[in-house]
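Asker: Pasting upload_2.csv below, which is CSV, C-alpha atoms and all ligand atoms.
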chain,number,residue,atom,x,y,z
A,1,MET,CA,0.0,0.0,0.0
A,2,LYS,CA,2.9,2.3,1.0
A,3,ARG,CA,4.6,1.6,-2.3
A,4,LYS,CA,1.4,2.3,-4.2
A,5,ASN,CA,1.1,5.7,-2.5
A,6,GLN,CA,4.7,6.4,-3.3
A,7,THR,CA,4.2,5.5,-7.0
A,8,GLU,CA,1.1,7.8,-7.1
A,9,GLU,CA,3.1,10.6,-5.6
A,10,ILE,CA,6.0,10.1,-8.1
A,11,ASN,CA,3.5,10.0,-11.0
A,12,ARG,CA,1.8,13.2,-9.7
A,13,ARG,CA,5.2,14.9,-9.4
A,14,ARG,CA,6.2,13.7,-12.9
A,15,PHE,CA,2.9,15.1,-14.3
A,16,LEU,CA,3.6,18.5,-12.6
A,17,GLN,CA,7.2,18.5,-13.8
A,18,ILE,CA,6.1,17.7,-17.3
A,19,GLY,CA,3.4,20.4,-17.1
A,20,ALA,CA,6.0,23.0,-16.0
A,21,THR,CA,8.4,22.0,-18.7
A,22,PHE,CA,5.9,22.3,-21.4
A,23,ALA,CA,4.4,25.4,-20.0
A,24,ALA,CA,7.9,27.0,-20.4
A,25,SER,CA,8.4,25.8,-23.9
A,26,ALA,CA,6.4,26.5,-27.0
A,27,VAL,CA,8.5,24.6,-29.5
A,28,PHE,CA,8.1,21.3,-31.2
A,29,LEU,CA,9.9,18.7,-29.1
A,30,PRO,CA,11.7,15.7,-30.6
A,31,LEU,CA,10.4,12.3,-29.8
A,32,SER,CA,12.4,9.3,-29.0
A,33,ALA,CA,11.9,6.2,-31.3
A,34,ASN,CA,10.4,4.3,-28.3
A,35,ASN,CA,7.5,6.8,-28.1
A,36,ALA,CA,6.5,6.6,-31.7
A,37,PHE,CA,3.2,4.8,-32.2
A,38,GLY,CA,3.5,1.5,-33.8
A,39,ALA,CA,6.0,0.4,-31.1
A,40,LEU,CA,4.1,-1.6,-28.5
A,41,PRO,CA,4.3,-0.2,-25.0
A,42,SER,CA,5.4,-2.5,-22.2
A,43,TYR,CA,2.7,-4.2,-20.3
A,44,GLN,CA,2.1,-2.5,-17.0
A,45,ALA,CA,1.2,-4.9,-14.3
A,46,GLU,CA,-0.4,-2.4,-12.0
A,47,ASN,CA,-2.9,-1.4,-14.6
A,48,SER,CA,-4.4,-3.9,-17.1
A,49,ILE,CA,-4.5,-1.4,-19.9
A,50,PRO,CA,-1.1,-0.6,-21.4
A,51,LYS,CA,-0.2,3.1,-21.9
A,52,ILE,CA,1.4,4.9,-24.8
A,53,THR,CA,3.6,8.0,-24.3
A,54,LEU,CA,2.5,11.0,-26.4
A,55,ASN,CA,4.9,13.3,-28.1
A,56,ASN,CA,4.7,15.8,-25.2
A,57,GLY,CA,5.7,13.1,-22.7
A,58,ILE,CA,2.4,12.4,-21.1
A,59,GLU,CA,1.0,8.8,-20.9
A,60,MET,CA,-2.4,7.7,-22.3
A,61,PRO,CA,-4.2,4.4,-22.1
A,62,MET,CA,-4.1,2.4,-25.4
A,63,LEU,CA,-7.8,1.4,-24.9
A,64,GLY,CA,-10.6,3.7,-23.8
A,65,PHE,CA,-14.4,4.1,-23.8
A,66,GLY,CA,-16.3,6.0,-26.5
A,67,THR,CA,-19.5,7.8,-25.6
A,68,ASN,CA,-21.0,9.0,-28.9
A,69,THR,CA,-24.8,8.5,-29.0
A,70,LEU,CA,-24.9,7.6,-25.2
A,71,ASN,CA,-27.1,10.1,-23.4
A,72,GLY,CA,-29.1,10.8,-20.3
A,73,PRO,CA,-29.2,8.1,-17.5
A,74,THR,CA,-27.9,5.5,-20.0
A,75,CYS,CA,-24.8,7.5,-20.5
A,76,VAL,CA,-24.3,8.0,-16.7
A,77,ARG,CA,-24.7,4.3,-16.1
A,78,CYS,CA,-22.4,3.3,-19.0
A,79,VAL,CA,-19.6,5.7,-18.0
A,80,SER,CA,-19.8,4.6,-14.4
A,81,ASP,CA,-19.9,0.9,-15.4
A,82,ALA,CA,-17.0,1.4,-17.8
A,83,ILE,CA,-14.9,2.9,-15.1
A,84,SER,CA,-15.9,0.2,-12.6
A,85,VAL,CA,-14.7,-2.6,-15.0
A,86,GLY,CA,-11.3,-0.8,-15.6
A,87,TYR,CA,-11.6,1.8,-18.4
A,88,ARG,CA,-9.6,5.0,-17.6
A,89,LEU,CA,-9.7,6.8,-20.9
A,90,ILE,CA,-13.2,8.3,-21.6
A,91,ASP,CA,-13.9,10.0,-24.9
A,92,THR,CA,-16.6,12.6,-25.3
A,93,ALA,CA,-17.3,15.8,-27.3
A,94,ASN,CA,-19.3,18.9,-27.1
A,95,ILE,CA,-21.4,17.8,-30.1
A,96,TYR,CA,-22.4,14.6,-28.4
A,97,GLY,CA,-24.5,16.7,-26.0
A,98,ASN,CA,-23.6,14.3,-23.2
A,99,GLU,CA,-20.7,16.0,-21.3
A,100,GLU,CA,-22.9,16.5,-18.2
A,101,PHE,CA,-23.9,12.8,-18.2
A,102,VAL,CA,-20.3,11.7,-18.8
A,103,GLY,CA,-19.4,14.0,-15.8
A,104,GLU,CA,-22.1,12.5,-13.7
A,105,GLY,CA,-21.0,9.0,-14.6
A,106,ILE,CA,-17.4,9.8,-13.5
A,107,LYS,CA,-18.8,11.3,-10.3
A,108,GLN,CA,-20.9,8.2,-9.6
A,109,SER,CA,-17.9,5.9,-10.2
A,110,GLY,CA,-16.2,7.4,-7.2
A,111,ILE,CA,-12.8,7.3,-8.9
A,112,LYS,CA,-10.2,10.0,-8.3
A,113,ARG,CA,-10.0,12.5,-11.1
A,114,GLU,CA,-6.2,12.0,-11.6
A,115,LYS,CA,-6.7,8.3,-12.4
A,116,LEU,CA,-8.7,9.2,-15.5
A,117,PHE,CA,-7.7,10.4,-18.9
A,118,ILE,CA,-10.6,12.5,-20.2
A,119,THR,CA,-10.9,13.7,-23.8
A,120,SER,CA,-13.3,16.2,-25.2
A,121,LYS,CA,-13.6,18.0,-28.5
A,122,LEU,CA,-14.3,21.4,-29.8
A,123,TRP,CA,-17.2,21.6,-32.3
A,124,VAL,CA,-17.0,23.6,-35.5
A,125,ASP,CA,-19.6,26.2,-34.3
A,126,ASP,CA,-17.1,27.3,-31.7
A,127,TYR,CA,-14.0,27.6,-33.9
A,128,GLY,CA,-11.9,30.8,-33.6
A,129,TYR,CA,-9.7,32.2,-30.8
A,130,GLU,CA,-12.3,33.7,-28.4
A,131,SER,CA,-15.0,31.1,-29.0
A,132,THR,CA,-12.6,28.2,-28.4
A,133,LYS,CA,-11.7,29.6,-24.9
A,134,LYS,CA,-15.4,29.9,-24.0
A,135,ALA,CA,-16.3,26.5,-25.4
A,136,PHE,CA,-13.4,24.9,-23.5
A,137,GLU,CA,-14.7,26.4,-20.2
A,138,THR,CA,-18.2,25.2,-21.0
A,139,SER,CA,-17.0,21.7,-21.6
A,140,LEU,CA,-15.1,21.7,-18.3
A,141,ASN,CA,-18.1,23.0,-16.4
A,142,LYS,CA,-20.4,20.4,-18.0
A,143,LEU,CA,-18.0,17.6,-17.2
A,144,GLY,CA,-17.5,19.0,-13.6
A,145,ILE,CA,-13.7,18.8,-13.8
A,146,GLU,CA,-10.8,21.3,-13.6
A,147,TYR,CA,-8.6,20.2,-16.5
A,148,LEU,CA,-8.8,18.0,-19.6
A,149,ASP,CA,-6.3,15.4,-20.5
A,150,LEU,CA,-6.8,15.8,-24.2
A,151,TYR,CA,-8.7,18.4,-26.2
A,152,LEU,CA,-9.2,17.9,-29.9
A,153,ILE,CA,-10.4,20.1,-32.8
A,154,HIS,CA,-13.2,17.9,-34.0
A,155,ARG,CA,-13.1,18.6,-37.7
A,156,PRO,CA,-10.8,20.4,-40.1
A,157,ARG,CA,-13.1,23.3,-41.1
A,158,GLY,CA,-13.2,27.1,-40.5
A,159,ASP,CA,-10.8,29.0,-38.3
A,160,VAL,CA,-8.8,26.0,-37.1
A,161,LYS,CA,-5.7,28.2,-36.6
A,162,GLY,CA,-7.4,30.6,-34.3
A,163,SER,CA,-8.7,27.7,-32.3
A,164,TRP,CA,-5.3,26.1,-32.2
A,165,LYS,CA,-3.7,29.3,-30.8
A,166,ALA,CA,-6.3,29.4,-28.0
A,167,MET,CA,-5.7,25.7,-27.3
A,168,GLU,CA,-1.9,26.3,-27.2
A,169,GLU,CA,-2.5,28.9,-24.5
A,170,LEU,CA,-4.8,26.7,-22.5
A,171,TYR,CA,-2.2,24.0,-22.7
A,172,LYS,CA,0.6,26.3,-21.5
A,173,GLU,CA,-1.7,27.4,-18.6
A,174,GLY,CA,-1.9,23.8,-17.6
A,175,LYS,CA,-5.6,23.5,-18.3
A,176,ILE,CA,-5.1,20.8,-20.9
A,177,ARG,CA,-2.4,18.1,-20.7
A,178,ALA,CA,-2.3,17.4,-24.4
A,179,ILE,CA,-3.9,19.0,-27.5
A,180,GLY,CA,-4.7,17.4,-30.8
A,181,VAL,CA,-7.0,17.1,-33.7
A,182,SER,CA,-9.6,14.8,-35.2
A,183,ASN,CA,-10.5,13.9,-38.8
A,184,PHE,CA,-7.4,15.7,-40.2
A,185,GLU,CA,-5.8,14.4,-43.5
A,186,PRO,CA,-2.0,14.7,-43.6
A,187,GLU,CA,-2.2,17.8,-45.8
A,188,GLN,CA,-4.5,19.5,-43.3
A,189,LEU,CA,-2.0,18.6,-40.5
A,190,ASP,CA,0.8,20.1,-42.6
A,191,ASP,CA,-1.2,23.3,-42.9
A,192,LEU,CA,-1.9,23.5,-39.2
A,193,MET,CA,1.7,22.8,-38.3
A,194,ALA,CA,3.1,25.4,-40.6
A,195,ASP,CA,1.9,28.1,-38.1
A,196,ALA,CA,1.6,26.1,-34.9
A,197,LYS,CA,4.0,26.5,-32.0
A,198,ILE,CA,2.9,23.2,-30.5
A,199,LYS,CA,2.6,20.0,-32.6
A,200,PRO,CA,-0.6,18.1,-32.2
A,201,ALA,CA,-0.2,15.1,-29.9
A,202,LEU,CA,-2.8,13.0,-31.6
A,203,ASN,CA,-5.2,12.7,-34.5
A,204,GLN,CA,-8.4,10.8,-33.9
A,205,ILE,CA,-9.7,9.4,-37.2
A,206,GLU,CA,-12.1,6.7,-38.5
A,207,THR,CA,-10.1,3.5,-38.5
A,208,HIS,CA,-11.3,-0.1,-38.5
A,209,VAL,CA,-10.6,-3.3,-40.5
A,210,PHE,CA,-12.6,-2.0,-43.4
A,211,PHE,CA,-10.9,1.4,-43.5
A,212,GLN,CA,-7.3,0.9,-42.5
A,213,GLN,CA,-6.1,4.4,-43.4
A,214,HIS,CA,-2.6,3.4,-44.6
A,215,ASN,CA,-1.8,6.9,-45.8
A,216,SER,CA,-2.6,8.6,-42.5
A,217,TYR,CA,-1.0,5.7,-40.6
A,218,LYS,CA,2.4,6.3,-42.4
A,219,ALA,CA,2.1,10.1,-42.2
A,220,LEU,CA,1.2,10.2,-38.5
A,221,LYS,CA,4.0,7.8,-37.7
A,222,LYS,CA,6.5,10.1,-39.5
A,223,TYR,CA,5.1,13.2,-37.7
A,224,GLU,CA,5.2,11.4,-34.4
A,225,ILE,CA,1.5,12.1,-33.8
A,226,GLN,CA,-0.4,9.4,-32.1
A,227,MET,CA,-3.2,7.8,-34.2
A,228,GLU,CA,-6.5,7.1,-32.4
A,229,ALA,CA,-9.3,5.0,-33.9
A,230,TRP,CA,-12.8,6.3,-33.8
A,231,SER,CA,-15.5,3.6,-34.5
A,232,PRO,CA,-13.0,0.8,-34.1
A,233,PHE,CA,-15.8,-1.6,-34.9
A,234,ALA,CA,-17.1,0.6,-37.7
A,235,ALA,CA,-20.1,1.0,-35.3
A,236,GLY,CA,-21.2,-2.5,-36.4
A,237,ARG,CA,-21.5,-1.5,-40.1
A,238,ASN,CA,-20.7,-3.8,-43.1
A,239,GLY,CA,-21.5,-6.9,-41.0
A,240,ILE,CA,-18.4,-6.6,-38.9
A,241,PHE,CA,-19.8,-8.7,-36.0
A,242,THR,CA,-20.7,-11.5,-38.4
A,243,ASN,CA,-17.6,-11.4,-40.6
A,244,GLN,CA,-16.6,-15.0,-41.1
A,245,ILE,CA,-12.9,-14.2,-41.6
A,246,LEU,CA,-12.7,-12.4,-38.3
A,247,ALA,CA,-14.7,-15.1,-36.6
A,248,ASP,CA,-12.4,-17.8,-37.9
A,249,ILE,CA,-9.3,-15.9,-36.7
A,250,GLY,CA,-11.0,-15.4,-33.3
A,251,LYS,CA,-11.7,-19.2,-33.0
A,252,LYS,CA,-8.0,-19.9,-33.1
A,253,TYR,CA,-7.4,-17.8,-30.0
A,254,ASN,CA,-10.7,-18.4,-28.3
A,255,LYS,CA,-11.6,-14.7,-28.8
A,256,SER,CA,-14.6,-12.9,-30.2
A,257,ILE,CA,-14.7,-10.8,-33.3
A,258,ALA,CA,-14.7,-7.6,-31.2
A,259,GLN,CA,-11.6,-8.8,-29.4
A,260,VAL,CA,-9.8,-9.7,-32.6
A,261,CYS,CA,-10.6,-6.1,-33.9
A,262,LEU,CA,-9.3,-4.4,-30.8
A,263,ARG,CA,-6.2,-6.6,-30.6
A,264,TRP,CA,-5.5,-5.7,-34.3
A,265,HIS,CA,-5.7,-1.9,-33.4
A,266,TYR,CA,-3.5,-2.5,-30.4
A,267,GLN,CA,-0.9,-4.4,-32.4
A,268,ARG,CA,-0.8,-1.5,-35.0
A,269,GLY,CA,0.0,0.8,-32.0
A,270,ILE,CA,-3.3,2.6,-32.4
A,271,VAL,CA,-5.4,3.8,-29.4
A,272,ALA,CA,-9.0,2.6,-29.7
A,273,ILE,CA,-12.1,3.9,-28.0
A,274,PRO,CA,-14.9,1.3,-28.4
A,275,ARG,CA,-18.4,2.2,-27.2
A,276,SER,CA,-20.8,-0.2,-25.6
A,277,SER,CA,-24.0,0.1,-23.6
A,278,GLN,CA,-23.6,-3.4,-22.2
A,279,LYS,CA,-21.3,-4.2,-19.2
A,280,ALA,CA,-20.6,-7.7,-20.6
A,281,HIS,CA,-19.3,-6.2,-23.8
A,282,MET,CA,-17.3,-3.6,-21.9
A,283,ILE,CA,-15.5,-6.4,-20.0
A,284,GLU,CA,-15.1,-8.5,-23.2
A,285,ASN,CA,-13.5,-5.5,-25.0
A,286,LEU,CA,-10.9,-5.1,-22.2
A,287,ASP,CA,-9.8,-8.7,-22.5
A,288,ILE,CA,-7.4,-8.4,-25.3
A,289,PHE,CA,-4.0,-8.3,-23.7
A,290,ASP,CA,-3.4,-12.0,-23.2
A,291,PHE,CA,-3.0,-13.1,-26.8
A,292,GLU,CA,-1.2,-12.0,-29.9
A,293,LEU,CA,-2.4,-12.2,-33.5
A,294,GLY,CA,0.2,-13.9,-35.6
A,295,LYS,CA,1.7,-12.4,-38.8
A,296,THR,CA,-0.5,-14.5,-41.1
A,297,ASP,CA,-3.7,-13.3,-39.3
A,298,MET,CA,-2.5,-9.7,-39.4
A,299,LYS,CA,-2.0,-10.1,-43.2
A,300,THR,CA,-5.4,-11.7,-43.6
A,301,ILE,CA,-7.0,-8.8,-41.7
A,302,ALA,CA,-5.0,-6.3,-43.9
A,303,LYS,CA,-6.9,-7.8,-46.9
A,304,LEU,CA,-10.3,-6.8,-45.4
A,305,ASP,CA,-9.4,-3.1,-46.1
A,306,LEU,CA,-12.0,-1.5,-48.5
A,307,ASN,CA,-10.1,1.8,-48.2
A,308,ILE,CA,-13.3,3.7,-47.9
A,309,THR,CA,-15.2,5.4,-45.1
A,310,GLN,CA,-18.2,3.5,-43.7
A,311,PHE,CA,-19.8,6.8,-42.7
A,312,PRO,CA,-20.3,8.6,-46.0
A,313,GLU,CA,-23.0,10.7,-44.4
A,314,TRP,CA,-20.3,12.6,-42.4
A,315,GLU,CA,-18.1,13.4,-45.4
B,401,LIG,N1,-13.9,12.1,-33.8
B,401,LIG,C1,-15.0,11.7,-34.4
B,401,LIG,O1,-15.4,12.4,-35.4
B,401,LIG,C2,-15.7,10.5,-34.0
B,401,LIG,C3,-16.7,10.0,-34.8
B,401,LIG,C4,-17.4,8.8,-34.3
B,401,LIG,C5,-17.0,8.3,-33.1
B,401,LIG,N2,-16.1,8.8,-32.3
B,401,LIG,C6,-15.7,8.2,-31.0
B,401,LIG,O2,-15.4,6.9,-31.2
B,401,LIG,C7,-16.2,6.1,-30.3
B,401,LIG,C8,-16.5,4.7,-30.8
B,401,LIG,O3,-17.1,4.7,-32.1
B,401,LIG,P1,-18.7,4.4,-32.3
B,401,LIG,O4,-19.4,4.7,-31.0
B,401,LIG,O5,-19.1,5.0,-33.5
B,401,LIG,O6,-18.8,2.8,-32.6
B,401,LIG,P2,-17.9,1.5,-32.3
B,401,LIG,O7,-17.2,1.6,-31.0
B,401,LIG,O8,-17.1,1.2,-33.5
B,401,LIG,O9,-19.1,0.4,-32.2
B,401,LIG,C9,-20.1,0.5,-31.2
B,401,LIG,C10,-21.1,-0.6,-31.5
B,401,LIG,O10,-20.4,-1.9,-31.2
B,401,LIG,C11,-21.2,-2.7,-30.4
B,401,LIG,N3,-20.3,-3.5,-29.5
B,401,LIG,C12,-19.4,-3.0,-28.7
B,401,LIG,N4,-18.7,-4.0,-28.1
B,401,LIG,C13,-19.2,-5.2,-28.7
B,401,LIG,C14,-18.9,-6.5,-28.5
B,401,LIG,N5,-18.0,-7.0,-27.7
B,401,LIG,N6,-19.6,-7.4,-29.2
B,401,LIG,C15,-20.6,-7.0,-30.1
B,401,LIG,N7,-20.9,-5.7,-30.3
B,401,LIG,C16,-20.2,-4.8,-29.6
B,401,LIG,C17,-22.0,-1.7,-29.6
B,401,LIG,O11,-23.2,-2.3,-29.2
B,401,LIG,P3,-23.6,-2.6,-27.6
B,401,LIG,O12,-23.9,-1.2,-27.1
B,401,LIG,O13,-24.7,-3.5,-27.7
B,401,LIG,O14,-22.4,-3.2,-27.0
B,401,LIG,C18,-22.3,-0.6,-30.6
B,401,LIG,O15,-23.4,-0.9,-31.4
B,401,LIG,C19,-17.5,6.9,-30.2
B,401,LIG,O16,-18.3,6.5,-29.1
B,401,LIG,C20,-16.9,8.3,-30.0
B,401,LIG,O17,-16.4,8.5,-28.7
B,401,LIG,C21,-15.4,10.0,-32.7
Rewrite the structure of this file - the entire thing - as structure tokens.
Answerer:
Amino acid sequence: MKRKNQTEEINRRRFLQIGATFAASAVFLPLSANNAFGALPSYQAENSIPKITLNNGIEMPMLGFGTNTLNGPTCVRCVSDAISVGYRLIDTANIYGNEEFVGEGIKQSGIKREKLFITSKLWVDDYGYESTKKAFETSLNKLGIEYLDLYLIHRPRGDVKGSWKAMEELYKEGKIRAIGVSNFEPEQLDDLMADAKIKPALNQIETHVFFQQHNSYKALKKYEIQMEAWSPFAAGRNGIFTNQILADIGKKYNKSIAQVCLRWHYQRGIVAIPRSSQKAHMIENLDIFDFELGKTDMKTIAKLDLNITQFPEWE
């Protein structure tokens, strides 16, 4: 117990030190090869979910809980359940309209704030320098927390650069531990980074077996920007949960299709944030760290790529 407290204290100090270091510097920092995504992090016995180190030095769980479409009491229950079974990364967004319920779920879980990694996103209506600062405070208030672990620009439209400037300042003030983007193509990242003082830590994009995003995968690796998969199950589209190829692979390891998919993301070094409204699924989705997909299976899954979005309505 004493050792656990000491570890927590060391981690807390490390976080404060890192915060101070980054508050003092507004430059792109080089990243060691070990931190680049694609290199599997070491398994951490004290926590069942391995962590990845982002390009600003902070750690993030490789597997988290998505909350899109969860709302009201269902959202409260799901977030609280997810935390109770071991999730520590919780992904929400202003546009989901559920930040209050996510916040209530966190409160009901009884977990200490610093044990969690909470992501929210800035919606397009709030882009621009001033509006971003206001929207950020609104998100914090709705969530009932004092800082965000990760804040993302939700889509590459409008005054992205004005928003980024505001986010850089919030980051330097210690109100956000890492800043990043979502749904950015490599060229859109180039444009943002041309004027940015702080490089995005992460890009959250649609990624699943049917849309493997090889172009972004390579570019993000080169840029040392962590890739995160939204809709890691393609939200169930294209028959993913009845796909015979995935089912056959799963049988070999005594794992479900969902577990094969999540393990595939993990072995690619991608953070995934599956959503579920069922506690049994939440538990199943966490149980992916005791097996390894062989090279042949990884190659077979690579062939499932259709190289096209499964969400054309959002294009
Ligand atoms: N940045 C963006 O633009 C963006 C866009 C979309 C999503 N996101 C984020 O990514 C998260 C995940 O994406 P998503 O919500 O679209 O979908 P998803 O996680 O790909 O899939 C969710 C679906 O999978 C089912 N499921 C979960 N675990 C299962 C299991 N073990 N077996 C069978 N079915 C299972 C769920 O049903 P049950 O409820 O029955 O388990 C649900 O219908 C979102 O919640 C959100 O946080 C971000």
Asker: What gap, in Å, lies between CA of Ala201 in chain A and CA of Leu189 in chain A?
Answerer: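 Rounded to one decimal, the two atoms are 11.3 Å apart.
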Asker: Within 8 Å of Gly180 in chain A, counting only C-alpha atoms, which residues qualify if same-chain residues fewer than 4 places away don't, as an MDAnalysis selection string?
Answerer: chainID A and resid 150:153 199:203
Asker: Tell me which protein, DNA and RNA residues are within 10 Å of Ile106 in chain A, counting only C-alpha atoms, leaving out same-chain ones fewer than 5 positions away, and put them as a PyMOL selection string.
Answerer: chain A and resi 76-84+90+100-101+111-113+116+118+143-145
Asker: Could you give me, as CSV, every chain A residue with an atom at most 6 Å from ligand LIG 401 (chain B), plus its closest atom pair and distance in Å to one decimal, counting only C-alpha atoms and all ligand atoms, rows ordered by chain then number?
Answerer:
residue,atom,partner,partner_atom,distance
A:Gly66,CA,B:LIG401,O16,3.3
A:Thr67,CA,B:LIG401,O16,3.9
A:Asn68,CA,B:LIG401,O16,3.7
A:Asp91,CA,B:LIG401,O17,4.8
A:Thr92,CA,B:LIG401,O17,5.3
A:His154,CA,B:LIG401,N1,5.8
A:Ser182,CA,B:LIG401,N1,5.3
A:Gln204,CA,B:LIG401,N1,5.7
A:Trp230,CA,B:LIG401,O2,3.7
A:Ser231,CA,B:LIG401,O8,3.1
A:Pro232,CA,B:LIG401,O8,4.2
A:Phe233,CA,B:LIG401,O8,3.4
A:Ala234,CA,B:LIG401,O8,4.2
A:Ala235,CA,B:LIG401,O9,3.3
A:Gly236,CA,B:LIG401,C10,5.3
A:Ala258,CA,B:LIG401,N5,4.8
A:Ile273,CA,B:LIG401,C7,5.2
A:Pro274,CA,B:LIG401,O7,3.5
A:Arg275,CA,B:LIG401,O7,4.0
A:Ser276,CA,B:LIG401,O12,3.6
A:Ser277,CA,B:LIG401,O12,3.7
A:Gln278,CA,B:LIG401,O14,5.0
A:His281,CA,B:LIG401,N5,4.2
A:Glu284,CA,B:LIG401,N5,5.6
A:Asn285,CA,B:LIG401,N5,5.5
Asker: Need to verify the contact set: Glu206 in chain A, 12 Å, all atoms listed in the file, exclusion of same-chain residues closer than 3 positions in sequence. Can you return it as a count of residues only?
Answerer: 37
Asker: Tell me which of A:Asp290, A:Glu114, A:Asp248, A:Asp305 sits closest to Tyr147 in chain A, counting all atoms listed in the file.
Answerer: A:Glu114
Asker: Take CA of Gly294 in chain A and CA of Ser256 in chain A and report the distance between them in Å, one decimal.
Answerer: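 Those two atoms sit 15.8 Å apart.
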Asker: I need the residue nearest Leu220 in chain A from this list: A:Gln188, A:Ser48, A:Gln108, A:Ser139. Use all atoms listed in the file for the distance.
Answerer: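 Ranking A:Gln188, A:Ser48, A:Gln108, A:Ser139 by distance to Leu220 in chain A, first place goes to A:Gln188.
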Asker: Record the distance separating CA of Glu224 in chain A and CA of Ala178 in chain A, expressed in Å with one decimal.
Answerer: 13.9 Å
Asker: Restricting the calculation to all atoms listed in the file: of A:Leu293, A:Ile301, A:Ile179, A:Glu137, which residue gets closest to Asn254 in chain A?
Answerer: A:Leu293
Asker: From the set A:Thr119, A:Asn94, A:Gln226, A:Thr138, which residue has the shortest atom-to-atom contact distance to Gly57 in chain A, counting only C-alpha atoms?
Answerer: A:Gln226
Asker: How big is the axis-aligned box, and where does its centre sit, when it encloses all atoms of range 126-136 of chain A listed in the file and has 5 Å added on every side, reported in Å to one decimal as AutoDock Vina command-line options?
Answerer:
--center_x -13.4 --center_y 29.3 --center_z -28.7 --size_x 17.4 --size_y 18.8 --size_z 20.4
Asker: Name the residues, using the chain letters and numbers of the file, that sit within 12 Å of (-10.7, 27.5, -37.7) when counting all atoms listed in the file, and give them as number ranges by chain.
Answerer: A: 122-132, 153-167, 181, 188, 191-192
Asker: Which one of A:Phe117, A:Asp297, A:Gly72, A:Val260 sits closest to Ile58 in chain A if you count only C-alpha atoms?
Answerer: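 Among the listed residues, A:Phe117 lies closest to Ile58 in chain A.
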Asker: A:Arg263, A:Lys221, A:Lys121, A:Lys303: which is nearest Ile288 in chain A, counting only C-alpha atoms?
Answerer: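 The shortest atom-to-atom distance to Ile288 in chain A comes from A:Arg263.
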